[in-house]
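Enquirer: Handing you a structure now.
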Amino acid sequence: MAIKKPAPRNRTITLSEEEKINYSAKLKSVKKPVTIEEITDSLFTGDFFETVNYLPDSFVDLLFVDPPYNLDKKFNNVFFKSKSFEEYSEWIDEILSKLKRLLKPNASIYFCADWKSSAPVYLALSKHFIVRNRITWEREKGRGAKKNWKNNTEDIWFATVSDDYVFNVDAVMLKKKVIAPYTDSHGKPKDWREEAQGRFRLTHPSNIWTDISVPFWSMPENTEHPTQKPEKLLAKIILAGTNGNGFVFDPFAGSGTTLVTAAKLGRRFVGIEIDGYYSMLALKRLDLAKKDKTIQGYSDGVFWERNTMPLRKNKKEEEFEEQLFADLEAKEERS
């Protein structure tokens, strides 16, 4: 059977056979207690419930938890089977019980859920921490449904260990296009300014996020992971919840979005991922992040509304598009 070639603009990160060999040799696991120095900027491959026991106390500034939602779902070689409401809540409670000792007194927790798992997540979170808000973000796309509303949102619960916590609101301002450019009595802009690309204002972030693009095949951050979170989403959380040298921990790291984004933003990080293939993808992405710290939708210290940030192409992309247009013109001339 012939192997289907990817589309010319498909930028999904994959692993060649040679890369699989190279990155498999770099996979690390933990079988004994480790120090903060030993885990800094690392990814460990293994089961969360075992690996977490060896991590040090009180080192985490920001905890990002994105476990399997309460659905029957296959993650490469790992299958998660849905549970009852009570069983799923108990499972989440077990995860949080393992994680509590790792957190600093001023740590923040961001916990992902869909509509079905959101209630049991809140129930478990509120037993251990101070729940402060629920972020709802638009996935922009979702499967259609003939007898129900299409699901295209997810939740992220925001909680803290105490009333002393980090929240850098000025680091997560949203740049929005101005629809109604009001002026004062002197004709000067009110809370907006004129730029080469149009009229914009900076606004404080709310708990409804509509500016997130889910990674897809033409985006350079896209991988084969079925529930990959966008780097832009993680950038908001990391910038809001940590200072310059903050330590970010993701116990269900998947293809490494949290770790990659933390690296791009100059934060320390550690992650755990049970699947070896996804761990290797994460390691490749971390290598790529050393050369390119771009985060789609985030530039000049602000987050842009979806599809409004001026496109900045690198030389390779410009050359590709020039060749593509040349080929199309040649094809039209021949026809």
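Here, A, B, ... name the chains of the structure tokens in the order displayed, residue numbers run from 1 inside each chain, and ligands are numbered from 1 in the same displayed order.
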Find the residues of stretch 136-197 of chain A that sit at most 8 Å from stretch 110-115 of chain A; for each, write down the nearest two atoms and how far apart they are in Å, to one decimal. Count only C-alpha atoms. Sort by chain, then by number going up, and give it as JSON lines.

Expert:
{"residue": "A:Thr153", "atom": "CA", "partner": "A:Asp114", "partner_atom": "CA", "distance": 7.3}
{"residue": "A:Glu154", "atom": "CA", "partner": "A:Asp114", "partner_atom": "CA", "distance": 4.7}
{"residue": "A:Asp155", "atom": "CA", "partner": "A:Ala113", "partner_atom": "CA", "distance": 5.1}
{"residue": "A:Ile156", "atom": "CA", "partner": "A:Cys112", "partner_atom": "CA", "distance": 4.4}
{"residue": "A:Trp157", "atom": "CA", "partner": "A:Phe111", "partner_atom": "CA", "distance": 5.0}
{"residue": "A:Phe158", "atom": "CA", "partner": "A:Tyr110", "partner_atom": "CA", "distance": 4.8}
{"residue": "A:Ala159", "atom": "CA", "partner": "A:Tyr110", "partner_atom": "CA", "distance": 6.4}

Enquirer: Tell me which protein, DNA and RNA residues are within 12 Å of A:Leu125, counting only C-alpha atoms, leaving out same-chain ones fewer than 6 positions away, and put them as a VMD selection string.

Expert: chain A and resid 65 89 to 97 99 to 100 108 to 113 118 to 119 131 to 134 156 to 161

Enquirer: Given only C-alpha atoms as the basis, pick out the residue of A:Ala262, A:Ala253, A:Ile208, A:Leu62 nearest to A:Tyr278.

Expert: A:Ala253

Enquirer: Using only C-alpha atoms, which residues sit within 12 Å of A:Met280 once same-chain residues fewer than 4 positions away are excluded, as a ChimeraX atom specification?

Expert: /A:13-28,43-45,223-225,253-256,273-276,284-287

Enquirer: Just the residues within 8 Å of A:Arg199, please, counting only C-alpha atoms, with nothing from its chain fewer than 2 positions along; format it as a list of chain:residue names.

Expert: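 Skipping anything fewer than 2 positions along the chain leaves A:Lys177, A:Val178, A:Pro181, A:Trp192, A:Arg193, A:Glu194, A:Glu195, A:Gln197, A:Arg201.
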
Enquirer: In stretch 94-322 of chain A, what's strand (DSSP E) per DSSP? Answer as a PyMOL selection string?

Expert: chain A and resi 103-113+130-138+153-160+174-177+193-195+198-203+208-209+247-250+268-273+298-299+302-304

Enquirer: Please run DSSP on the backbone and report, as a list in words, all residues within stretch 142-202 of chain A that come out as helix (DSSP H, G or I).

Expert: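 So, restricting stretch 142-202 of chain A to helix (DSSP H, G or I), we get Val169, Asp170, Ala171 and Val172 of chain A.
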
Enquirer: Taking only C-alpha atoms into account, which of A:Gln296, A:Thr261, A:Asn151, A:Asn245 comes nearest A:Val214?

Expert: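 Of A:Gln296, A:Thr261, A:Asn151, A:Asn245, the one nearest A:Val214 is A:Gln296, counting only C-alpha atoms.
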
Enquirer: Just the residues within 12 Å of A:Asp300, please, counting only C-alpha atoms, with nothing from its chain fewer than 6 positions along; format it as an MDAnalysis selection string.

Expert: chainID A and resid 171:175 294 309:310

Enquirer: Print the selection's residues with C-alpha atoms to a file, as a JSON list (two decimals), in the first residue's frame.

Expert:
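again.json, written as the output of this step:
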[["chain", "number", "residue", "atom", "x", "y", "z"],
["A", 171, "ALA", "CA", 1.66, 40.44, 31.09],
["A", 172, "VAL", "CA", -1.49, 39.00, 29.50],
["A", 173, "MET", "CA", -3.17, 42.00, 27.93],
["A", 174, "LEU", "CA", -5.23, 41.35, 24.80],
["A", 175, "LYS", "CA", -4.80, 43.53, 21.72],
["A", 294, "THR", "CA", 7.88, 32.27, 18.34],
["A", 309, "MET", "CA", -1.70, 39.69, 14.18],
["A", 310, "PRO", "CA", 0.34, 40.79, 11.15]]
